[in-house]
Each structure stands twice: as structure tokens, then as C-alpha cells.
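Novice: Encoded as C-alpha cells, here's the structure I'll be asking about.
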Amino acid sequence: MEEEKKEITSENSPHKAGFVNIVGNPNVGKSTLMNDLVGERISIITQKAQTTRHRIMGIVNTPEYQIVYSDTPGVLKPKYKLQESMLEFSEGALTDADVLLYVTDVVEDAEKNKDFLDRVAKEKVPVLLVINKVDLLKGNEELEALIARWHERLPNAEIFPVSAKEHFNVDNLKRRIEELLPVSPPFFGKDALTDKPARFFVTEIIREKLLLNYDKEIPYSTEVLVEKFEEKDNSIHIMAVIYVERDSQKGIIIGKGGEKIKKVGIQARQDIETFFDKKVFLELFVKVEKDWRNRENKLRQFGYIE
């Protein structure tokens, strides 16, 4: 009897699927929100701006629907070719969304990137404006004033105050996304979690540790490339190269007696083991690739240009 009931439900409720793209300025909590919505740690998170460099998909599957979330780099005025590619990922997210999540927070200037926001205001697809970090506000009056200002700026958007870090109101946002999904067959296999290969997450985990362990421009001048990913039943052997732009940066990354690079390797290995649930042997090397952020051939090699 129960099987019969399931069949009736599936016939009466056609499958829904859609692309839900997350955009906004740097450091407003897009990656934290993405991970909370997906229920898995897909995007790297640090307190530093410009942590996300690629467009990263996280896929949520149930028998009734498939939601393809996209985390995108923070919108910024490009200073070099790498940032031009990052901006293209963000702008591309405006063109193929079924639902658009524009994420802001309680402290940023609404007009920080006015041109991008003007494009969001003209979107024909549903726009959900997410005001993140509301746990930092002192009371309802501040929140109401913020909602009023944003309603004036994006009159067609539905507004959701949330705290992704505290998981406040995220379930209500998720329910609204489910309601807005168009009827469609799934775009990916129903067991898929992301569109990225395993190697990509290794590079992201190592890059996160670089962001956490080094200051100023150093982590922004680095890129990681996995040269060997040898997977066995119970273990993975990984060789990865950390690229920097100058010889002086190579010395800083390695540290006195190799202490700094060793620390990065231990932290990265622990997270990679958790991610893949296998024993990991990780070897890290550092190479100089002068001015790689402005070289098209290198950006193509690192996956920023197709």
C-alpha cells in the first residue's frame, strides 16, 4: 500500500530542478550560506575577502527536486587578469539563474558596486535578497530600518534576514527556494554533490590553509595545482605545487627550516582526510611563476579561463 502511495505522489508532483546562484560583494558570507544550504562543506571559508575564486556548484537532491547552488567570487573592480576572470564568474551567474540570491550583510555599503546591483534590480527571475549576519544587530529597529532601505533599493526582491553562521532563518529561505524551483528533470545525476572533480577540492583546501596562515598579499599571490592524485582503496597519494609570483614569496611560504609549509601541509592533510574519509599522503612543493595573475596561459592552466 505504501509503494502505491509513493507512485501517486510522484505522478501528482512533477520533479523540480533549477539553478540557484549566489552573488554579492566580498566577505558578506556567501560561502558560509552556500555550505549551510547544501549541508556540506563545499566552499572554503575564511575571514579574508576574495576567498572564492571560482564558481562552485553544490547540488542538493531529494526524490522531489534537485537544487544546483552556485557560489561565486565577490564582485569587485578588477586590478589584474585573475580578478577579471573572477568577475566574469559572478556576472555569468546573472545570466543562467532560475533563482538569484543576492547576499549582503548588516554593515556593507549598499552602493559598493552600484553597476552590478543595478543589473540585479532588472532581473526577471525571482530575486531573494539575503541580509546576512543579523546576529550582529542590537535589536529589531535596526533590522527594520535595514529592510526598509533594501526594499527601496530592490523593490522586486523578497527579503530574508539570516545568520548563516548561526543557522538563523536559513530553513525558511530554503523552503522559499524549493517553492520557486521550475518543473524540470534533474540536470545532474541524483547522487551528485558538485560539478567539480576531486582534485579541485584538494587545491581549495590547501589554498584555504594558505589564506589562514599567511598575511597581506602573500595568499592572494598563490595558486595551487595538483600534479598527482593517486587513489587506492584506503588511501590517496597527493603531490601539489604551490605557485607564487616572486622568489621572496617562496621563502616566506616555506618558512625557516620549512616550518611554515610543514604546518600548512599538516592542516591541509587533516582536512583532506576528513573530506575523502581516507588516509592521505600529501607532498607540497613551492615554485615561482612570475606575474601568473596577469598571464592568460597560466590562468587557463589554473582553470580560470576556458
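Numbering starts fresh at 1 for the residues of each chain in the C-alpha cells, the chains themselves are lettered A, B, ... in the order given, and ligands are numbered from 1 as they appear.
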Considering only C-alpha atoms, give me a table of residues in segment 38-113 of chain A that are at most 8 Å from segment 16-23 of chain A, with the closest atom pair and distance in Å for each, as JSON lines.

Specialist:
```
{"residue": "A:Glu64", "atom": "CA", "partner": "A:Lys16", "partner_atom": "CA", "distance": 6.5}
{"residue": "A:Tyr65", "atom": "CA", "partner": "A:Lys16", "partner_atom": "CA", "distance": 4.6}
{"residue": "A:Gln66", "atom": "CA", "partner": "A:Ala17", "partner_atom": "CA", "distance": 4.6}
{"residue": "A:Ile67", "atom": "CA", "partner": "A:Gly18", "partner_atom": "CA", "distance": 5.5}
{"residue": "A:Val68", "atom": "CA", "partner": "A:Phe19", "partner_atom": "CA", "distance": 4.8}
{"residue": "A:Tyr69", "atom": "CA", "partner": "A:Val20", "partner_atom": "CA", "distance": 4.8}
{"residue": "A:Ser70", "atom": "CA", "partner": "A:Asn21", "partner_atom": "CA", "distance": 4.7}
{"residue": "A:Asp71", "atom": "CA", "partner": "A:Ile22", "partner_atom": "CA", "distance": 5.3}
{"residue": "A:Thr72", "atom": "CA", "partner": "A:Val23", "partner_atom": "CA", "distance": 6.0}
{"residue": "A:Pro73", "atom": "CA", "partner": "A:Val23", "partner_atom": "CA", "distance": 7.6}
{"residue": "A:Gly74", "atom": "CA", "partner": "A:Val23", "partner_atom": "CA", "distance": 7.0}
{"residue": "A:Val75", "atom": "CA", "partner": "A:Val23", "partner_atom": "CA", "distance": 7.7}
{"residue": "A:Ser90", "atom": "CA", "partner": "A:Val23", "partner_atom": "CA", "distance": 6.5}
{"residue": "A:Ala93", "atom": "CA", "partner": "A:Asn21", "partner_atom": "CA", "distance": 5.9}
{"residue": "A:Leu94", "atom": "CA", "partner": "A:Asn21", "partner_atom": "CA", "distance": 7.6}
{"residue": "A:Asp96", "atom": "CA", "partner": "A:Phe19", "partner_atom": "CA", "distance": 7.3}
{"residue": "A:Ala97", "atom": "CA", "partner": "A:Phe19", "partner_atom": "CA", "distance": 5.2}
{"residue": "A:Asp98", "atom": "CA", "partner": "A:Phe19", "partner_atom": "CA", "distance": 5.2}
{"residue": "A:Val99", "atom": "CA", "partner": "A:Val20", "partner_atom": "CA", "distance": 4.8}
{"residue": "A:Leu100", "atom": "CA", "partner": "A:Asn21", "partner_atom": "CA", "distance": 5.1}
{"residue": "A:Leu101", "atom": "CA", "partner": "A:Ile22", "partner_atom": "CA", "distance": 4.7}
{"residue": "A:Tyr102", "atom": "CA", "partner": "A:Val23", "partner_atom": "CA", "distance": 5.1}
{"residue": "A:Val103", "atom": "CA", "partner": "A:Val23", "partner_atom": "CA", "distance": 6.2}
```

Novice: Any chance you could export the current selection's C-alpha atoms as a tab-separated table (two decimals), in the first residue's frame?

Specialist:
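Written output follows (out.tsv):
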```tsv
chain	number	residue	atom	x	y	z
A	64	GLU	CA	11.09	15.59	-5.48
A	65	TYR	CA	13.73	18.12	-6.58
A	66	GLN	CA	17.33	18.97	-7.43
A	67	ILE	CA	18.76	22.36	-6.43
A	68	VAL	CA	22.03	23.39	-8.07
A	69	TYR	CA	23.54	26.12	-5.90
A	70	SER	CA	26.42	28.22	-7.24
A	71	ASP	CA	28.83	30.10	-5.00
A	72	THR	CA	30.59	32.90	-6.90
A	73	PRO	CA	33.53	35.23	-6.26
A	74	GLY	CA	32.73	38.54	-4.59
A	75	VAL	CA	32.01	41.37	-7.02
A	90	SER	CA	29.93	36.47	-10.95
A	93	ALA	CA	25.70	33.84	-12.63
A	94	LEU	CA	23.20	36.57	-13.57
A	96	ASP	CA	21.61	31.43	-16.12
A	97	ALA	CA	19.84	31.63	-12.75
A	98	ASP	CA	16.36	30.28	-12.10
A	99	VAL	CA	16.51	31.94	-8.67
A	100	LEU	CA	19.03	34.61	-7.72
A	101	LEU	CA	20.28	35.05	-4.16
A	102	TYR	CA	21.84	38.48	-3.66
A	103	VAL	CA	23.70	38.35	-0.35
```

Novice: Could you pull the residues within 12 Å of Lys112 of chain A, counting only C-alpha atoms, minus those fewer than 2 positions along the same chain, as a PyMOL selection string?

Specialist: chain A and resi 24-26+74-77+104+107-110+114-118

Novice: Looking only at the backbone, which of the residues in segment 26-237 of chain A does DSSP tag as strand (DSSP E or B), as a PyMOL selection string?

Specialist: chain A and resi 56-61+65-71+99-105+127-132+158-161+163+168+183+223-231+235-237

Novice: For the selection just defined, write its residues with N, CA and C atoms to a file, as a short mmCIF file (atom, residue, chain, number, x, y, z; two decimals), in the first residue's frame.

Specialist:
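Written output follows (again_32.cif):
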```cif
data_model
loop_
_atom_site.label_atom_id
_atom_site.label_comp_id
_atom_site.auth_asym_id
_atom_site.auth_seq_id
_atom_site.Cartn_x
_atom_site.Cartn_y
_atom_site.Cartn_z
N ILE A 56 31.54 27.71 -7.92
CA ILE A 56 31.50 26.36 -7.37
C ILE A 56 30.06 25.92 -7.17
N MET A 57 29.71 24.78 -7.71
CA MET A 57 28.33 24.27 -7.58
C MET A 57 28.22 23.26 -6.45
N GLY A 58 27.16 23.38 -5.68
CA GLY A 58 26.80 22.41 -4.67
C GLY A 58 25.39 21.92 -4.95
N ILE A 59 25.19 20.62 -5.04
CA ILE A 59 23.93 20.06 -5.53
C ILE A 59 23.18 19.36 -4.39
N VAL A 60 21.91 19.74 -4.23
CA VAL A 60 21.05 19.12 -3.21
C VAL A 60 19.98 18.30 -3.92
N ASN A 61 19.89 17.02 -3.56
CA ASN A 61 18.93 16.12 -4.21
C ASN A 61 17.94 15.54 -3.21
N TYR A 65 13.07 16.98 -5.92
CA TYR A 65 13.73 18.12 -6.58
C TYR A 65 15.24 17.96 -6.59
N GLN A 66 15.87 18.81 -7.42
CA GLN A 66 17.33 18.97 -7.43
C GLN A 66 17.63 20.47 -7.48
N ILE A 67 18.34 20.95 -6.46
CA ILE A 67 18.76 22.36 -6.43
C ILE A 67 20.25 22.42 -6.71
N VAL A 68 20.63 23.20 -7.73
CA VAL A 68 22.03 23.39 -8.07
C VAL A 68 22.44 24.79 -7.61
N TYR A 69 23.06 24.84 -6.43
CA TYR A 69 23.54 26.12 -5.90
C TYR A 69 24.89 26.47 -6.52
N SER A 70 25.12 27.76 -6.77
CA SER A 70 26.42 28.22 -7.24
C SER A 70 26.94 29.30 -6.31
N ASP A 71 28.12 29.06 -5.75
CA ASP A 71 28.83 30.10 -5.00
C ASP A 71 29.75 30.81 -5.99
N VAL A 99 16.74 31.12 -9.87
CA VAL A 99 16.51 31.94 -8.67
C VAL A 99 17.84 32.58 -8.34
N LEU A 100 17.80 33.89 -8.05
CA LEU A 100 19.03 34.61 -7.72
C LEU A 100 19.03 35.00 -6.25
N LEU A 101 20.11 34.64 -5.55
CA LEU A 101 20.28 35.05 -4.16
C LEU A 101 21.32 36.16 -4.13
N TYR A 102 20.88 37.39 -3.82
CA TYR A 102 21.84 38.48 -3.66
C TYR A 102 22.10 38.61 -2.16
N VAL A 103 23.35 38.37 -1.78
CA VAL A 103 23.70 38.35 -0.35
C VAL A 103 24.40 39.66 0.02
N THR A 104 23.91 40.28 1.08
CA THR A 104 24.55 41.43 1.68
C THR A 104 24.71 41.13 3.16
N ASP A 105 25.21 42.09 3.93
CA ASP A 105 25.23 41.90 5.37
C ASP A 105 24.83 43.19 6.06
N VAL A 127 14.29 37.19 -7.32
CA VAL A 127 15.48 37.60 -6.57
C VAL A 127 15.16 37.55 -5.08
N LEU A 128 15.96 36.80 -4.34
CA LEU A 128 15.83 36.75 -2.89
C LEU A 128 17.01 37.51 -2.31
N LEU A 129 16.73 38.60 -1.63
CA LEU A 129 17.77 39.40 -1.01
C LEU A 129 18.03 38.86 0.39
N VAL A 130 19.24 38.38 0.61
CA VAL A 130 19.60 37.78 1.90
C VAL A 130 20.45 38.78 2.68
N ILE A 131 19.92 39.26 3.80
CA ILE A 131 20.70 40.12 4.70
C ILE A 131 21.33 39.23 5.74
N ASN A 132 22.62 38.96 5.58
CA ASN A 132 23.32 38.03 6.45
C ASN A 132 23.90 38.74 7.68
N GLU A 158 12.38 39.61 -2.65
CA GLU A 158 11.90 39.16 -1.35
C GLU A 158 13.08 39.20 -0.39
N ILE A 159 12.87 39.71 0.82
CA ILE A 159 13.98 39.93 1.75
C ILE A 159 13.97 38.88 2.86
N PHE A 160 15.14 38.28 3.08
CA PHE A 160 15.30 37.27 4.13
C PHE A 160 16.45 37.66 5.06
N PRO A 161 16.17 38.12 6.27
CA PRO A 161 17.24 38.34 7.24
C PRO A 161 17.70 36.97 7.76
N SER A 163 21.22 34.59 9.65
CA SER A 163 22.60 34.45 10.13
C SER A 163 23.05 33.06 9.69
N PHE A 168 20.33 30.84 11.50
CA PHE A 168 19.06 31.53 11.79
C PHE A 168 18.32 31.85 10.50
N VAL A 183 9.53 23.39 -12.78
CA VAL A 183 9.36 21.96 -13.08
C VAL A 183 10.40 21.58 -14.13
N GLU A 223 48.76 30.16 -6.05
CA GLU A 223 47.82 29.25 -6.70
C GLU A 223 48.31 27.84 -6.46
N VAL A 224 47.39 26.90 -6.43
CA VAL A 224 47.75 25.50 -6.13
C VAL A 224 47.36 24.63 -7.32
N LEU A 225 48.26 23.73 -7.69
CA LEU A 225 47.99 22.80 -8.78
C LEU A 225 48.34 21.39 -8.29
N VAL A 226 47.38 20.48 -8.41
CA VAL A 226 47.62 19.08 -8.02
C VAL A 226 48.24 18.35 -9.20
N GLU A 227 49.47 17.89 -9.03
CA GLU A 227 50.18 17.20 -10.12
C GLU A 227 50.01 15.69 -10.06
N LYS A 228 49.69 15.18 -8.86
CA LYS A 228 49.48 13.72 -8.73
C LYS A 228 48.34 13.48 -7.75
N PHE A 229 47.40 12.65 -8.16
CA PHE A 229 46.27 12.26 -7.29
C PHE A 229 46.06 10.78 -7.52
N GLU A 230 46.71 9.98 -6.70
CA GLU A 230 46.70 8.52 -6.87
C GLU A 230 45.84 7.90 -5.76
N GLU A 231 44.67 7.45 -6.14
CA GLU A 231 43.72 6.96 -5.15
C GLU A 231 43.69 5.44 -5.12
N SER A 235 43.58 4.74 0.74
CA SER A 235 44.49 5.88 0.85
C SER A 235 44.56 6.67 -0.46
N ILE A 236 45.08 7.90 -0.34
CA ILE A 236 45.30 8.76 -1.51
C ILE A 236 46.70 9.37 -1.38
N HIS A 237 47.47 9.31 -2.45
CA HIS A 237 48.78 9.94 -2.50
C HIS A 237 48.66 11.18 -3.38
#
```

Novice: Could you pull out all residues of segment 42-209 of chain A with a DSSP call of alpha helix (DSSP H) and give them as a PyMOL selection string?

Specialist: chain A and resi 81-92+114-121+140-153+170-180+198-209

Novice: Against segment 242-257 of chain A, which residues of segment 283-302 of chain A fall within 8 Å? For each one I want the closest pair of atoms and the distance in Å (one decimal), counting only C-alpha atoms, rows by chain and increasing residue number, as CSV.

Specialist:
```
residue,atom,partner,partner_atom,distance
A:Leu284,CA,A:Ile242,CA,7.1
A:Phe285,CA,A:Ile242,CA,6.0
A:Val286,CA,A:Ile242,CA,4.7
A:Lys287,CA,A:Tyr243,CA,5.0
A:Val288,CA,A:Val244,CA,5.0
A:Glu289,CA,A:Glu245,CA,5.2
A:Lys290,CA,A:Glu245,CA,4.3
A:Asp291,CA,A:Glu245,CA,5.3
A:Trp292,CA,A:Glu245,CA,6.4
```

Novice: With N, CA and C atoms retained, export the selected residues as a compact mmCIF listing (two decimals), in the first residue's frame.

Specialist:
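Output (part22.txt):
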```txt
# COMPACT_ATOMS: atom_id res chain seq x y z
N LEU A 284 53.97 18.69 -0.61
CA LEU A 284 53.82 20.05 -1.12
C LEU A 284 55.16 20.58 -1.62
N PHE A 285 55.13 21.25 -2.76
CA PHE A 285 56.30 21.90 -3.32
C PHE A 285 55.95 23.36 -3.62
N VAL A 286 56.94 24.23 -3.66
CA VAL A 286 56.72 25.64 -3.96
C VAL A 286 57.55 26.03 -5.18
N LYS A 287 56.89 26.66 -6.16
CA LYS A 287 57.58 27.11 -7.37
C LYS A 287 57.23 28.57 -7.66
N VAL A 288 58.15 29.26 -8.31
CA VAL A 288 57.92 30.66 -8.70
C VAL A 288 57.42 30.70 -10.14
N GLU A 289 56.31 31.38 -10.36
CA GLU A 289 55.76 31.59 -11.70
C GLU A 289 55.44 33.08 -11.79
N LYS A 290 56.41 33.84 -12.31
CA LYS A 290 56.35 35.30 -12.23
C LYS A 290 55.08 35.85 -12.87
N ASP A 291 54.41 36.74 -12.11
CA ASP A 291 53.25 37.50 -12.60
C ASP A 291 52.14 36.60 -13.16
N TRP A 292 51.93 35.42 -12.55
CA TRP A 292 50.95 34.47 -13.11
C TRP A 292 49.54 35.04 -13.14
```

Novice: Report as CSV: every residue of segment 6-123 of chain A with an atom at most 10 Å from segment 258-281 of chain A, its closest pair of atoms, and their distance in Å to one decimal, counting only C-alpha atoms, with rows sorted by chain and ascending residue number.

Specialist:
```
residue,atom,partner,partner_atom,distance
A:Glu40,CA,A:Phe275,CA,9.8
A:Arg41,CA,A:Phe275,CA,8.6
A:Ile42,CA,A:Phe275,CA,9.7
```

Novice: Tell me which of A:His151, A:Thr52, A:Glu283, A:Glu306 sits closest to Met86 of chain A, counting only C-alpha atoms.

Specialist: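 Using only C-alpha atoms, the shortest distance to Met86 of chain A belongs to A:Thr52.
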
Novice: Looking at A:His15, A:His54, A:Lys190, A:Lys79, which one is nearest to Tyr304 of chain A, with distances taken over only C-alpha atoms?

Specialist: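 Between A:His15, A:His54, A:Lys190, A:Lys79, the residue approaching Tyr304 of chain A most closely is A:His54.
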
Novice: Leu137 of chain A: which residues within 10 Å, counting only C-alpha atoms, same-chain residues fewer than 4 positions away excluded, as a count of residues only?

Specialist: 6
